[in-house]
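**Q** The following block contains the structure, expressed as structure tokens.
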Amino acid sequence: MKSLPYFCRGEVVRGFGRGSKELGIPTANFPVSVVDHLPADIDTGIYYGWACVGTGDVFKMVMSIGWNPYYKNTKKSMETHVIHTFNEDFYGEILNVVMVGYIRPERRYDSLEALVAAINNDIEEAKLKLELPEHLKLKEDNFFTSVTSLSSAPPPTTASTSQTIMNGH
């Protein structure tokens with residue numbers, strides 16, 4: 001995928017409410033406007049990379065892009081699991097994400113247990129891959145320290161400071 005690494009940000013919105021409750025793996029969901037701007041070569045499936053809430057610390061993440069075949073969604077989504085334990089929800093905050101690599105395509109699972117096992121395998125794979133030097137350097141990218149307010153941001157001047165950044169590097 002030539003669009004990787006892919007940089008995006010958006011407000012965390014309420015999703016289907018299944019990540020924490022049913023799966024035990026909380027996710028932060030991007031609004032449809034972010035999902036709709038994905039490049040054509042970003043296939044559905046599981047990605048790994050870096051994420052930061054607001055101007056906070058940067059953590060490893062995995063992200064599902066697609067229709068979640070187990071749940072038979074009719075709406076495409078981008079659901080990010082930040083590999084960190086947060087003390088509270090962060091709905092309404094700005095989530096900054098750099099998608100670094102692709103793990104696998106979406107799959108149908110016969111049981112919730114099989115789905116959870118696959119997600120946990122994805123998390124472990126992401127943790128390992130993000131230790132590679134070429135991926136670690138993206139954790140320090142200026143994207144994470146650039147403007148993060150969607151409402152008060154000045155007009156974009158360069159891709160790395162745009163509030164609507166879409167693969168700006």
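By order in the structure tokens, chains are A, B, ...; within a chain, residues start at 1; ligands start at 1, following the order shown.
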Running DSSP on the backbone, which parts of stretch 94-137 of chain A land in strand (DSSP E or B), as a list in words?
**A** Ile94, Leu95, Asn96, Val97, Val98, Met99, Val100, Gly101, Tyr102, Ile103 and Arg104 of chain A
**Q** Extract, using only C-alpha atoms, all DNA, RNA and protein residues at most 8 Å from stretch 129-140 of chain A, discarding same-chain residues fewer than 4 positions from it, and format them as a PyMOL selection string.
**A** chain A and resi 48-50+58-60+98+100+125+144
**Q** Write a file of the just-selected residues containing all heavy atoms, as an mmCIF file, in the first residue's frame.
**A**
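Result file is result.cif:
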```cif
data_model
loop_
_atom_site.group_PDB
_atom_site.id
_atom_site.type_symbol
_atom_site.label_atom_id
_atom_site.label_comp_id
_atom_site.auth_asym_id
_atom_site.auth_seq_id
_atom_site.Cartn_x
_atom_site.Cartn_y
_atom_site.Cartn_z
ATOM 1 N N TYR A 48 -1.549 -1.419 12.041
ATOM 2 C CA TYR A 48 -0.875 -1.078 13.283
ATOM 3 C C TYR A 48 -0.161 0.249 13.105
ATOM 4 O O TYR A 48 0.111 0.680 11.983
ATOM 5 C CB TYR A 48 0.094 -2.176 13.724
ATOM 6 C CG TYR A 48 1.231 -2.438 12.772
ATOM 7 C CD1 TYR A 48 2.460 -1.792 12.921
ATOM 8 C CD2 TYR A 48 1.094 -3.333 11.714
ATOM 9 C CE1 TYR A 48 3.511 -2.035 12.044
ATOM 10 C CE2 TYR A 48 2.137 -3.582 10.840
ATOM 11 C CZ TYR A 48 3.342 -2.926 11.012
ATOM 12 O OH TYR A 48 4.378 -3.163 10.148
ATOM 13 N N GLY A 49 0.119 0.901 14.228
ATOM 14 C CA GLY A 49 0.812 2.180 14.159
ATOM 15 C C GLY A 49 0.869 2.861 15.503
ATOM 16 O O GLY A 49 0.932 2.211 16.548
ATOM 17 N N TRP A 50 0.809 4.182 15.450
ATOM 18 C CA TRP A 50 0.951 5.025 16.631
ATOM 19 C C TRP A 50 -0.278 5.912 16.794
ATOM 20 O O TRP A 50 -0.872 6.321 15.793
ATOM 21 C CB TRP A 50 2.201 5.904 16.505
ATOM 22 C CG TRP A 50 3.445 5.109 16.349
ATOM 23 C CD1 TRP A 50 4.133 4.860 15.195
ATOM 24 C CD2 TRP A 50 4.156 4.416 17.384
ATOM 25 N NE1 TRP A 50 5.224 4.068 15.453
ATOM 26 C CE2 TRP A 50 5.263 3.782 16.795
ATOM 27 C CE3 TRP A 50 3.960 4.268 18.759
ATOM 28 C CZ2 TRP A 50 6.170 3.015 17.527
ATOM 29 C CZ3 TRP A 50 4.856 3.503 19.485
ATOM 30 C CH2 TRP A 50 5.954 2.889 18.871
ATOM 31 N N VAL A 58 2.297 9.392 23.046
ATOM 32 C CA VAL A 58 2.086 8.576 21.854
ATOM 33 C C VAL A 58 2.230 7.106 22.251
ATOM 34 O O VAL A 58 3.211 6.726 22.881
ATOM 35 C CB VAL A 58 3.100 8.945 20.748
ATOM 36 C CG1 VAL A 58 2.900 8.066 19.518
ATOM 37 C CG2 VAL A 58 2.975 10.426 20.385
ATOM 38 N N PHE A 59 1.229 6.302 21.873
ATOM 39 C CA PHE A 59 1.201 4.885 22.219
ATOM 40 C C PHE A 59 1.046 4.031 20.962
ATOM 41 O O PHE A 59 0.548 4.499 19.938
ATOM 42 C CB PHE A 59 0.029 4.577 23.161
ATOM 43 C CG PHE A 59 0.079 5.318 24.457
ATOM 44 C CD1 PHE A 59 -0.750 6.405 24.680
ATOM 45 C CD2 PHE A 59 0.961 4.938 25.467
ATOM 46 C CE1 PHE A 59 -0.711 7.100 25.882
ATOM 47 C CE2 PHE A 59 1.011 5.615 26.674
ATOM 48 C CZ PHE A 59 0.173 6.705 26.874
ATOM 49 N N LYS A 60 1.401 2.771 21.085
ATOM 50 C CA LYS A 60 1.164 1.806 20.015
ATOM 51 C C LYS A 60 -0.336 1.617 19.860
ATOM 52 O O LYS A 60 -1.106 1.790 20.812
ATOM 53 C CB LYS A 60 1.838 0.473 20.351
ATOM 54 C CG LYS A 60 3.343 0.561 20.395
ATOM 55 C CD LYS A 60 3.972 -0.745 20.853
ATOM 56 C CE LYS A 60 5.499 -0.604 20.877
ATOM 57 N NZ LYS A 60 6.156 -1.819 21.358
ATOM 58 N N VAL A 98 -1.084 7.505 13.193
ATOM 59 C CA VAL A 98 -0.224 7.203 12.046
ATOM 60 C C VAL A 98 -0.331 5.702 11.824
ATOM 61 O O VAL A 98 0.089 4.904 12.666
ATOM 62 C CB VAL A 98 1.247 7.599 12.285
ATOM 63 C CG1 VAL A 98 2.094 7.186 11.085
ATOM 64 C CG2 VAL A 98 1.375 9.083 12.539
ATOM 65 N N VAL A 100 1.005 2.598 10.191
ATOM 66 C CA VAL A 100 2.343 2.271 9.728
ATOM 67 C C VAL A 100 2.363 1.033 8.835
ATOM 68 O O VAL A 100 3.076 0.974 7.846
ATOM 69 C CB VAL A 100 3.270 2.067 10.954
ATOM 70 C CG1 VAL A 100 4.626 1.545 10.542
ATOM 71 C CG2 VAL A 100 3.386 3.362 11.734
ATOM 72 N N GLU A 125 1.213 -8.811 17.628
ATOM 73 C CA GLU A 125 1.980 -8.608 16.393
ATOM 74 C C GLU A 125 2.346 -7.136 16.228
ATOM 75 O O GLU A 125 3.478 -6.794 15.847
ATOM 76 C CB GLU A 125 1.189 -9.114 15.187
ATOM 77 C CG GLU A 125 1.975 -9.032 13.901
ATOM 78 C CD GLU A 125 1.299 -9.698 12.714
ATOM 79 O OE1 GLU A 125 0.374 -10.529 12.916
ATOM 80 O OE2 GLU A 125 1.705 -9.399 11.578
ATOM 81 N N PHE A 144 2.458 14.560 15.658
ATOM 82 C CA PHE A 144 1.871 14.432 16.989
ATOM 83 C C PHE A 144 1.986 15.708 17.819
ATOM 84 O O PHE A 144 1.330 15.826 18.843
ATOM 85 C CB PHE A 144 2.498 13.256 17.746
ATOM 86 C CG PHE A 144 2.116 11.920 17.159
ATOM 87 C CD1 PHE A 144 3.061 11.115 16.562
ATOM 88 C CD2 PHE A 144 0.802 11.479 17.193
ATOM 89 C CE1 PHE A 144 2.714 9.883 16.016
ATOM 90 C CE2 PHE A 144 0.434 10.258 16.643
ATOM 91 C CZ PHE A 144 1.392 9.464 16.057
#
```
**Q** Could you check the closest approach to A:Ser33 for each of A:Ile65, A:Leu128, A:Ala51, A:Met78 and tell me which residue wins, using only C-alpha atoms?
**A**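 Comparing A:Ile65, A:Leu128, A:Ala51, A:Met78 against A:Ser33, the winner is A:Met78.
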**Q** Neighbouring residues of A:Ser64 were defined as those with any atom within 10 Å, considering only C-alpha atoms; residues of the same chain fewer than 4 positions away were excluded. Please report them as a count of residues only.
**A** 19
**Q** Report the residues of chain A whose backbone DSSP state falls under alpha helix (DSSP H), written as JSON, numbers by chain.
**A** {"A": [32, 33, 34, 35, 112, 113, 114, 115, 116, 117, 118, 119, 120, 121, 122, 123, 124, 125, 126, 127, 128, 129, 133, 134, 135, 136, 137, 138, 139]}
**Q** By how many Å are atom CA of A:Asp57 and atom CA of A:Glu11 apart?
**A**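 It comes out at 16.8 Å.
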**Q** With only C-alpha atoms as the counted atoms, please give the residues lying no more than 7 Å from A:Asn96, apart from itself and same-chain residues fewer than 3 positions off, as a list of chain:residue names.
**A** A:Cys8, A:Arg9, A:Gly10, A:Ala51, A:Cys52, A:Val53, A:Phe144
